[in-house]
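Engineer: Input upload.cif, format and content: mmCIF, C-alpha atoms and all ligand atoms.
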data_query
#
loop_
_atom_site.label_atom_id
_atom_site.label_comp_id
_atom_site.auth_asym_id
_atom_site.auth_seq_id
_atom_site.Cartn_x
_atom_site.Cartn_y
_atom_site.Cartn_z
CA MET Z 1 -1.93 -67.24 72.77
CA LYS Z 2 -4.41 -64.38 72.40
CA LEU Z 3 -3.22 -60.82 72.38
CA SER Z 4 -5.23 -57.74 73.32
CA GLN Z 5 -6.46 -55.70 70.38
CA ARG Z 6 -3.99 -52.98 71.40
CA LEU Z 7 -0.94 -55.27 71.32
CA ASN Z 8 -2.23 -56.98 68.19
CA THR Z 9 -2.47 -53.61 66.41
CA ILE Z 10 1.16 -52.94 67.35
CA CYS Z 11 2.22 -56.42 66.27
CA GLU Z 12 0.65 -55.97 62.83
CA MET Z 13 2.94 -53.00 62.22
CA ILE Z 14 6.08 -55.13 62.65
CA PRO Z 15 7.41 -56.10 59.21
CA PRO Z 16 7.70 -59.92 58.96
CA GLY Z 17 11.15 -61.25 59.83
CA SER Z 18 12.21 -58.17 61.84
CA ARG Z 19 14.81 -58.09 64.57
CA LEU Z 20 12.71 -56.59 67.33
CA ALA Z 21 13.31 -54.88 70.67
CA ASP Z 22 10.28 -54.40 72.90
CA ILE Z 23 11.20 -51.91 75.59
CA GLY Z 24 9.16 -52.00 78.79
CA SER Z 25 8.01 -55.45 77.81
CA ASP Z 26 6.41 -56.45 81.13
CA HIS Z 27 5.33 -60.09 80.56
CA ALA Z 28 6.98 -60.15 77.10
CA LEU Z 29 3.62 -60.89 75.50
CA LEU Z 30 4.33 -58.81 72.42
CA PRO Z 31 7.75 -60.30 71.54
CA THR Z 32 6.51 -63.82 72.33
CA TYR Z 33 3.57 -63.40 69.98
CA ALA Z 34 5.63 -61.59 67.33
CA VAL Z 35 8.25 -64.35 67.25
CA SER Z 36 5.70 -67.17 67.29
CA GLN Z 37 3.89 -65.51 64.34
CA GLY Z 38 7.10 -64.95 62.37
CA ARG Z 39 6.76 -61.18 62.61
CA ALA Z 40 10.06 -61.15 64.45
CA ALA Z 41 12.90 -63.52 63.61
CA PHE Z 42 14.52 -62.64 66.91
CA ALA Z 43 13.51 -60.35 69.79
CA ILE Z 44 14.81 -58.62 72.88
CA ALA Z 45 12.42 -57.97 75.75
CA GLY Z 46 13.81 -55.05 77.78
CA GLU Z 47 12.62 -54.34 81.31
CA VAL Z 48 13.85 -51.91 83.95
CA ASN Z 49 12.05 -53.60 86.85
CA ARG Z 50 12.91 -56.97 88.36
CA GLY Z 51 9.28 -58.21 88.78
CA PRO Z 52 8.29 -57.77 85.10
CA TYR Z 53 11.75 -59.00 84.05
CA ASP Z 54 11.16 -62.27 85.96
CA ALA Z 55 7.66 -62.54 84.49
CA ALA Z 56 9.06 -62.01 80.98
CA SER Z 57 11.74 -64.66 81.53
CA ARG Z 58 9.08 -67.16 82.67
CA GLN Z 59 6.84 -66.35 79.72
CA VAL Z 60 9.63 -66.85 77.20
CA ALA Z 61 10.74 -70.13 78.84
CA GLU Z 62 7.17 -71.47 78.92
CA ALA Z 63 6.74 -70.63 75.25
CA GLY Z 64 9.97 -72.52 74.49
CA LEU Z 65 11.45 -69.44 72.83
CA LYS Z 66 14.63 -68.88 74.87
CA GLU Z 67 16.71 -69.32 71.71
CA LYS Z 68 14.88 -66.53 69.94
CA ILE Z 69 13.98 -64.04 72.66
CA ALA Z 70 16.56 -62.48 74.97
CA VAL Z 71 15.10 -61.01 78.14
CA ARG Z 72 17.30 -58.22 79.47
CA LEU Z 73 17.24 -55.98 82.51
CA GLY Z 74 18.01 -52.36 81.69
CA ASP Z 75 16.72 -48.82 81.61
CA GLY Z 76 15.22 -48.04 78.20
CA LEU Z 77 17.53 -48.62 75.27
CA ALA Z 78 20.39 -49.61 77.58
CA ALA Z 79 18.95 -53.11 77.08
CA ILE Z 80 20.13 -53.18 73.46
CA ARG Z 81 23.36 -52.66 71.55
CA ALA Z 82 23.59 -50.40 68.51
CA GLY Z 83 22.85 -52.30 65.29
CA GLU Z 84 21.20 -55.25 67.04
CA VAL Z 85 17.59 -54.60 66.00
CA ASP Z 86 15.73 -52.92 63.18
CA VAL Z 87 12.37 -52.39 64.88
CA ILE Z 88 11.66 -51.02 68.36
CA THR Z 89 8.29 -51.11 70.08
CA ILE Z 90 7.56 -49.08 73.22
CA ALA Z 91 4.01 -49.39 74.49
CA GLY Z 92 1.82 -48.74 77.49
CA MET Z 93 3.67 -45.84 79.07
CA GLY Z 94 3.36 -42.06 78.96
CA GLY Z 95 4.59 -40.04 75.98
CA ALA Z 96 7.09 -38.12 78.13
CA LEU Z 97 8.73 -41.37 79.28
CA ILE Z 98 8.83 -42.73 75.72
CA VAL Z 99 10.53 -39.51 74.59
CA ARG Z 100 13.02 -39.74 77.45
CA ILE Z 101 13.87 -43.35 76.57
CA LEU Z 102 14.40 -42.49 72.89
CA THR Z 103 16.40 -39.35 73.66
CA GLU Z 104 18.69 -41.00 76.18
CA GLY Z 105 19.22 -43.97 73.89
CA LYS Z 106 19.72 -42.01 70.68
CA ASP Z 107 23.03 -43.75 69.92
CA LYS Z 108 21.17 -47.10 69.90
CA LEU Z 109 18.81 -45.97 67.17
CA GLU Z 110 21.35 -46.26 64.44
CA GLY Z 111 20.25 -49.02 62.09
CA VAL Z 112 16.72 -48.97 63.49
CA LYS Z 113 14.31 -48.64 60.59
CA ARG Z 114 10.97 -48.52 62.36
CA LEU Z 115 9.61 -47.31 65.69
CA ILE Z 116 6.16 -48.42 66.82
CA LEU Z 117 5.07 -46.35 69.79
CA GLN Z 118 1.92 -46.52 71.86
CA PRO Z 119 1.84 -43.74 74.43
CA ASN Z 120 -1.03 -43.92 76.94
CA VAL Z 121 -1.02 -40.12 77.21
CA GLY Z 122 1.05 -37.33 75.66
CA GLU Z 123 0.85 -38.62 72.08
CA ASP Z 124 1.60 -35.08 70.86
CA LEU Z 125 4.97 -35.13 72.65
CA VAL Z 126 5.91 -38.28 70.77
CA ARG Z 127 4.84 -36.80 67.41
CA ARG Z 128 6.88 -33.67 68.12
CA TRP Z 129 9.93 -35.74 69.02
CA LEU Z 130 9.62 -37.83 65.83
CA LEU Z 131 9.31 -34.69 63.74
CA SER Z 132 12.27 -32.94 65.34
CA GLU Z 133 14.45 -36.05 65.08
CA GLY Z 134 13.72 -36.54 61.37
CA TRP Z 135 11.57 -39.68 61.65
CA MET Z 136 8.74 -40.02 59.14
CA LEU Z 137 5.40 -40.66 60.82
CA THR Z 138 3.97 -43.22 58.42
CA GLY Z 139 0.89 -44.47 60.21
CA GLU Z 140 -1.47 -43.80 63.08
CA GLN Z 141 -4.19 -46.00 64.44
CA ILE Z 142 -6.72 -45.27 67.12
CA LEU Z 143 -8.69 -47.98 68.87
CA GLU Z 144 -10.90 -48.49 71.88
CA GLU Z 145 -10.58 -51.46 74.17
CA GLU Z 146 -12.26 -52.02 77.51
CA GLY Z 147 -13.30 -48.40 77.74
CA LYS Z 148 -9.84 -46.99 77.01
CA ILE Z 149 -8.69 -45.28 73.84
CA TYR Z 150 -5.21 -45.96 72.48
CA GLU Z 151 -3.15 -44.48 69.67
CA VAL Z 152 -0.44 -46.46 67.89
CA LEU Z 153 2.16 -44.37 66.04
CA THR Z 154 4.48 -45.89 63.45
CA ALA Z 155 7.55 -44.03 62.23
CA ASP Z 156 10.13 -44.96 59.62
CA ARG Z 157 13.56 -43.72 58.73
CA GLY Z 158 13.68 -41.85 55.46
CA GLU Z 159 16.11 -42.85 52.77
CA SER Z 160 17.29 -39.27 52.29
CA ALA Z 161 16.90 -35.87 53.94
CA GLU Z 162 14.88 -34.84 50.91
CA GLN Z 163 12.41 -37.71 51.31
CA VAL Z 164 11.96 -36.83 54.99
CA ARG Z 165 11.34 -33.17 54.13
CA GLU Z 166 8.84 -33.95 51.40
CA HIS Z 167 7.01 -36.40 53.63
CA ARG Z 168 6.89 -33.86 56.48
CA ASP Z 169 5.65 -31.06 54.22
CA ARG Z 170 2.89 -33.27 52.80
CA LEU Z 171 1.84 -34.72 56.14
CA TYR Z 172 1.75 -31.45 58.02
CA ALA Z 173 0.43 -29.27 55.21
CA GLU Z 174 -2.51 -27.17 56.41
CA ILE Z 175 -5.92 -28.74 56.03
CA GLU Z 176 -9.26 -27.00 55.98
CA ILE Z 177 -12.32 -28.63 57.44
CA GLY Z 178 -15.99 -27.62 57.61
CA GLU Z 179 -17.94 -24.62 56.42
CA PRO Z 180 -17.00 -21.91 57.23
CA PRO Z 181 -13.63 -23.65 57.16
CA ILE Z 182 -11.30 -24.07 60.12
CA THR Z 183 -7.62 -24.34 59.25
CA LEU Z 184 -5.54 -26.95 61.01
CA GLY Z 185 -1.84 -26.15 60.68
CA ARG Z 186 1.19 -28.12 61.78
CA GLU Z 187 0.82 -27.43 65.51
CA ARG Z 188 -2.78 -28.59 65.63
CA LEU Z 189 -2.04 -31.63 63.45
CA LEU Z 190 0.71 -32.56 65.91
CA ASP Z 191 -1.91 -32.41 68.68
CA PHE Z 192 -4.59 -34.39 66.86
CA GLY Z 193 -2.42 -36.65 64.73
CA PRO Z 194 -2.22 -35.86 61.00
CA PHE Z 195 -3.58 -39.24 59.88
CA LEU Z 196 -6.17 -39.42 62.64
CA ALA Z 197 -7.51 -35.91 61.98
CA ARG Z 198 -7.90 -36.65 58.28
CA GLU Z 199 -9.57 -39.98 58.96
CA ALA Z 200 -11.78 -38.57 61.76
CA SER Z 201 -13.07 -41.97 62.90
CA ASP Z 202 -15.76 -42.40 65.53
CA VAL Z 203 -13.12 -43.38 68.11
CA PHE Z 204 -11.19 -40.20 67.33
CA ARG Z 205 -14.34 -38.12 67.92
CA GLU Z 206 -14.96 -39.98 71.15
CA LYS Z 207 -11.41 -39.31 72.33
CA TRP Z 208 -11.67 -35.58 71.74
CA THR Z 209 -15.18 -35.37 73.17
CA GLY Z 210 -13.68 -36.89 76.33
CA GLU Z 211 -10.75 -34.45 76.26
CA ILE Z 212 -13.16 -31.51 76.02
CA ALA Z 213 -15.14 -32.81 79.00
CA LYS Z 214 -11.90 -33.13 81.01
CA LEU Z 215 -10.79 -29.61 80.12
CA GLU Z 216 -14.24 -28.24 81.00
CA ARG Z 217 -13.93 -29.81 84.44
CA VAL Z 218 -10.51 -28.15 84.83
CA ALA Z 219 -11.91 -24.77 83.72
CA GLY Z 220 -14.85 -25.22 86.11
CA SER Z 221 -12.54 -25.93 89.02
CA MET Z 222 -10.50 -22.80 88.31
CA GLY Z 223 -13.37 -20.72 89.73
CA ARG Z 224 -13.36 -16.95 89.89
CA SER Z 225 -10.10 -15.30 90.65
CA GLU Z 226 -9.07 -11.78 91.43
CA SER Z 227 -5.63 -12.30 89.91
CA GLU Z 228 -5.18 -11.17 86.33
CA ASP Z 229 -2.80 -14.04 85.65
CA ALA Z 230 -5.33 -16.68 86.77
CA ARG Z 231 -8.13 -14.98 84.82
CA GLY Z 232 -5.92 -14.95 81.72
CA LYS Z 233 -5.18 -18.68 82.08
CA LYS Z 234 -8.85 -19.53 82.48
CA GLU Z 235 -9.81 -17.47 79.45
CA ALA Z 236 -7.08 -19.12 77.35
CA LEU Z 237 -8.34 -22.55 78.39
CA GLU Z 238 -11.92 -21.56 77.52
CA ARG Z 239 -10.79 -20.36 74.10
CA HIS Z 240 -8.97 -23.67 73.56
CA ILE Z 241 -12.10 -25.63 74.57
CA GLN Z 242 -14.17 -23.54 72.15
CA PHE Z 243 -11.65 -24.23 69.38
CA LEU Z 244 -11.75 -27.99 70.05
CA LYS Z 245 -15.55 -27.92 69.95
CA GLU Z 246 -15.51 -26.11 66.62
CA VAL Z 247 -13.04 -28.62 65.19
CA LEU Z 248 -15.20 -31.53 66.34
CA ALA Z 249 -18.30 -29.93 64.84
CA CYS Z 250 -16.47 -29.48 61.51
CA LEU Z 251 -15.07 -33.00 61.16
CA PRO Z 252 -16.57 -34.95 58.27
CA LYS Z 253 -19.36 -37.18 59.57
CA ASP Z 254 -19.96 -40.94 59.18
CA LYS Z 255 -16.32 -41.90 58.81
CA PRO Z 256 -15.51 -45.54 59.57
CA SER Z 257 -13.96 -46.35 62.94
CA SER Z 258 -10.47 -47.86 62.90
CA ASN Z 259 -11.60 -50.52 65.36
N1 LIG Z 301 4.66 -52.83 76.95
C1 LIG Z 301 3.68 -53.60 77.70
C2 LIG Z 301 2.31 -53.34 77.18
O1 LIG Z 301 2.14 -52.37 76.43
O2 LIG Z 301 1.38 -54.08 77.54
C3 LIG Z 301 3.78 -53.30 79.18
C4 LIG Z 301 3.34 -51.92 79.58
S1 LIG Z 301 3.58 -51.66 81.31
C5 LIG Z 301 2.25 -50.63 81.70
C6 LIG Z 301 5.00 -50.61 81.32
C7 LIG Z 301 6.25 -51.40 81.55
O3 LIG Z 301 7.37 -50.56 81.24
C8 LIG Z 301 6.43 -51.85 82.98
O4 LIG Z 301 6.64 -53.25 83.00
C9 LIG Z 301 7.65 -51.09 83.47
O5 LIG Z 301 8.44 -51.84 84.37
C10 LIG Z 301 8.39 -50.82 82.17
N2 LIG Z 301 9.25 -49.63 82.17
C11 LIG Z 301 8.99 -48.41 82.68
N3 LIG Z 301 10.03 -47.58 82.49
C12 LIG Z 301 10.96 -48.28 81.81
C13 LIG Z 301 12.26 -47.99 81.32
N4 LIG Z 301 12.81 -46.79 81.51
N5 LIG Z 301 12.95 -48.96 80.68
C14 LIG Z 301 12.40 -50.18 80.51
N6 LIG Z 301 11.19 -50.53 80.96
C15 LIG Z 301 10.47 -49.60 81.59
#
Please express the file's structure as structure tokens.
Ligand code: SAM
Structural biologist:
Amino acid sequence: MKLSQRLNTICEMIPPGSRLADIGSDHALLPTYAVSQGRAAFAIAGEVNRGPYDAASRQVAEAGLKEKIAVRLGDGLAAIRAGEVDVITIAGMGGALIVRILTEGKDKLEGVKRLILQPNVGEDLVRRWLLSEGWMLTGEQILEEEGKIYEVLTADRGESAEQVREHRDRLYAEIEIGEPPITLGRERLLDFGPFLAREASDVFREKWTGEIAKLERVAGSMGRSESEDARGKKEALERHIQFLKEVLACLPKDKPSSN
């Protein structure tokens, strides 16, 4: 069984022998692979939709893993019971939906030691949720596959409130880049990703070059407006684009890609 680079990157973040829940599992490729590789000792594949649920059930049966992978129909974390798993993966959906699933299922997170999250968009929302809920962001990867760029965020529970605080203060401490220097504080690091901004890989540059192009198209389509409000919005967007361009220009060059 061959996994996409995206799913493989997620799989590598699962500590060997974990009890895993993969929420929004679709064809259950990730739990099937994780169990067959020994990354997961046991897994739950959660799906809210009947079609993917049926596909997941078939996949697990064909792999001969019905004893080790439970396929369950349910919305988000409703598919699991509190204390059943220690690692949760949620991949391939928007950041807002991932945040909704985690928020609505907060009572199921007790005992969960690691979250591995791969939002397709809205990565900053996920980082903000992790920060506000006291999860320690411990790793970020960025990769490109078939013309799309993906970020994989890994977060762990701290052992004490003090450890979480120290980790947060270190991770989101202001950094200065370039000459003359630009300061990136907590808010900007939440946008860019604190690990990704420090690493500044080629894929990271490519992602933000693409974001700038998108925002420039939006600014272009805003046109001229008589209204002060609309003019203000356009000017704010143009200032943001300018800021992003300056950040990109300041990033250290020739960093390795995480691909
Ligand atoms: N996780 C797989 C991956 O990354 O390749 C599949 C991603 S697929 C694009 C998103 C899946 O999430 C769909 O199969 C969809 O049915 C499921 N999904 C969406 N909302 C969900 C929710 N609230 N609870 C469980 N599954 C959900």
Engineer: Grab me every residue within 6 Å of ligand LIG 301 (chain Z), counting only C-alpha atoms and all ligand atoms, and send it over as a PyMOL selection string.
Structural biologist: chain Z and resi 23-26+46-49+52+75-76+91-93
Engineer: Using Å and a single decimal, report how far CA of Ile88 (chain Z) sits from CA of Val203 (chain Z).
Structural biologist: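 Those two atoms sit 25.9 Å apart.
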Engineer: Suppose you want the space between CA of Thr154 (chain Z) and CA of Val247 (chain Z); what is it in Å?
Structural biologist: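 Between CA of Thr154 (chain Z) and CA of Val247 (chain Z) the gap works out to 24.7 Å.
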Engineer: Report as a list in words all protein, DNA and RNA residues lying within 8 Å of Met136 (chain Z), evaluated on all atoms listed in the file, omitting residues in the same chain fewer than 4 positions from it.
Structural biologist: Leu130, Leu131, Ala155, Asp156, Arg157, Gly158, Val164, His167 and Arg168 of chain Z
Engineer: Z:Ser57, Z:Ser201, Z:Thr183, Z:Thr32: which is nearest Glu144 (chain Z), counting all atoms listed in the file?
Structural biologist: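 The shortest atom-to-atom distance to Glu144 (chain Z) comes from Z:Ser201.
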Engineer: Could you list, as a list in words, every residue within 9 Å of Ala78 (chain Z), counting only C-alpha atoms and ignoring same-chain residues fewer than 3 positions away?
Structural biologist: Gly46, Leu73, Gly74, Asp75, Arg81, Glu104, Gly105 and Lys108 of chain Z
Engineer: Residues of the last selection are to be written out with C-alpha atoms, as a compact mmCIF listing (two decimals), in the coordinates of the input.
Structural biologist:
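As written to disk, out-v8.txt reads:
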# COMPACT_ATOMS: atom_id res chain seq x y z
CA GLY Z 46 13.81 -55.05 77.78
CA LEU Z 73 17.24 -55.98 82.51
CA GLY Z 74 18.01 -52.36 81.69
CA ASP Z 75 16.72 -48.82 81.61
CA ARG Z 81 23.36 -52.66 71.55
CA GLU Z 104 18.69 -41.00 76.18
CA GLY Z 105 19.22 -43.97 73.89
CA LYS Z 108 21.17 -47.10 69.90
Engineer: Would you list the contacts of region 119-124 of chain Z as a PyMOL selection string, taking every protein, DNA or RNA residue within 9 Å and counting only C-alpha atoms, but skipping same-chain residues closer than 2 positions in sequence?
Structural biologist: chain Z and resi 90-98+117+126-129+149-153+189-193
Engineer: How many Å separate CA of Ser227 (chain Z) from CA of Leu244 (chain Z)?
Structural biologist: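 Computing it gives 26.0 Å between the two atoms.
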Engineer: Give the answer as one residue: which of Z:Ala45, Z:Val60, Z:Leu102, Z:Val85 has the shortest atom-to-atom distance to Arg72 (chain Z), using all atoms listed in the file?
Structural biologist: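 Smallest separation from Arg72 (chain Z) among the options: Z:Ala45.
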Engineer: Could you check which of Z:Glu226, Z:Glu199, Z:Glu145, Z:Glu216 is closest to Glu238 (chain Z), using only C-alpha atoms?
Structural biologist: Z:Glu216
Engineer: In terms of the shortest atom-to-atom distance over all atoms listed in the file, which of Z:Ala200, Z:Ile14, Z:Ile241, Z:Leu137 is closest to Ala219 (chain Z)?
Structural biologist: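 Among the listed residues, the smallest separation from Ala219 (chain Z) belongs to Z:Ile241.
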Engineer: With a distance cut-off of 9 Å and all atoms listed in the file, select the neighbouring residues of Val35 (chain Z), excluding the residue or stretch itself and same-chain residues fewer than 3 positions from it, and output the selection as a ChimeraX atom specification.
Structural biologist: /Z:17,20,30-32,38-43,65,68-69
Engineer: Between Z:Asn8, Z:Arg198, Z:Ser18, Z:Gly147, which has the minimum distance to Glu176 (chain Z) (counting only C-alpha atoms)?
Structural biologist: Z:Arg198
Engineer: Could you give me, as a compact mmCIF listing (two decimals) with C-alpha atoms, keeping the file's coordinate frame, the residues that have an atom at most 9 Å away from the point (-16.7, -35.0, 61.9) in the coordinates of the file, using only C-alpha atoms?
Structural biologist:
# COMPACT_ATOMS: atom_id res chain seq x y z
CA ILE Z 177 -12.32 -28.63 57.44
CA GLY Z 178 -15.99 -27.62 57.61
CA ALA Z 200 -11.78 -38.57 61.76
CA SER Z 201 -13.07 -41.97 62.90
CA ASP Z 202 -15.76 -42.40 65.53
CA ARG Z 205 -14.34 -38.12 67.92
CA VAL Z 247 -13.04 -28.62 65.19
CA LEU Z 248 -15.20 -31.53 66.34
CA ALA Z 249 -18.30 -29.93 64.84
CA CYS Z 250 -16.47 -29.48 61.51
CA LEU Z 251 -15.07 -33.00 61.16
CA PRO Z 252 -16.57 -34.95 58.27
CA LYS Z 253 -19.36 -37.18 59.57
CA ASP Z 254 -19.96 -40.94 59.18
CA LYS Z 255 -16.32 -41.90 58.81
Engineer: Could you give me, as an NGL selection string, the residues within 7 Å of region 221-224 of chain Z, counting only C-alpha atoms and dropping anything in the same chain fewer than 3 positions from it?
Structural biologist: :Z and (217-218 or 234)
Engineer: Find the residue from Z:Ala34, Z:Thr9, Z:Glu159, Z:His27 that sits nearest to Arg50 (chain Z); use only C-alpha atoms when measuring.
Structural biologist: Z:His27
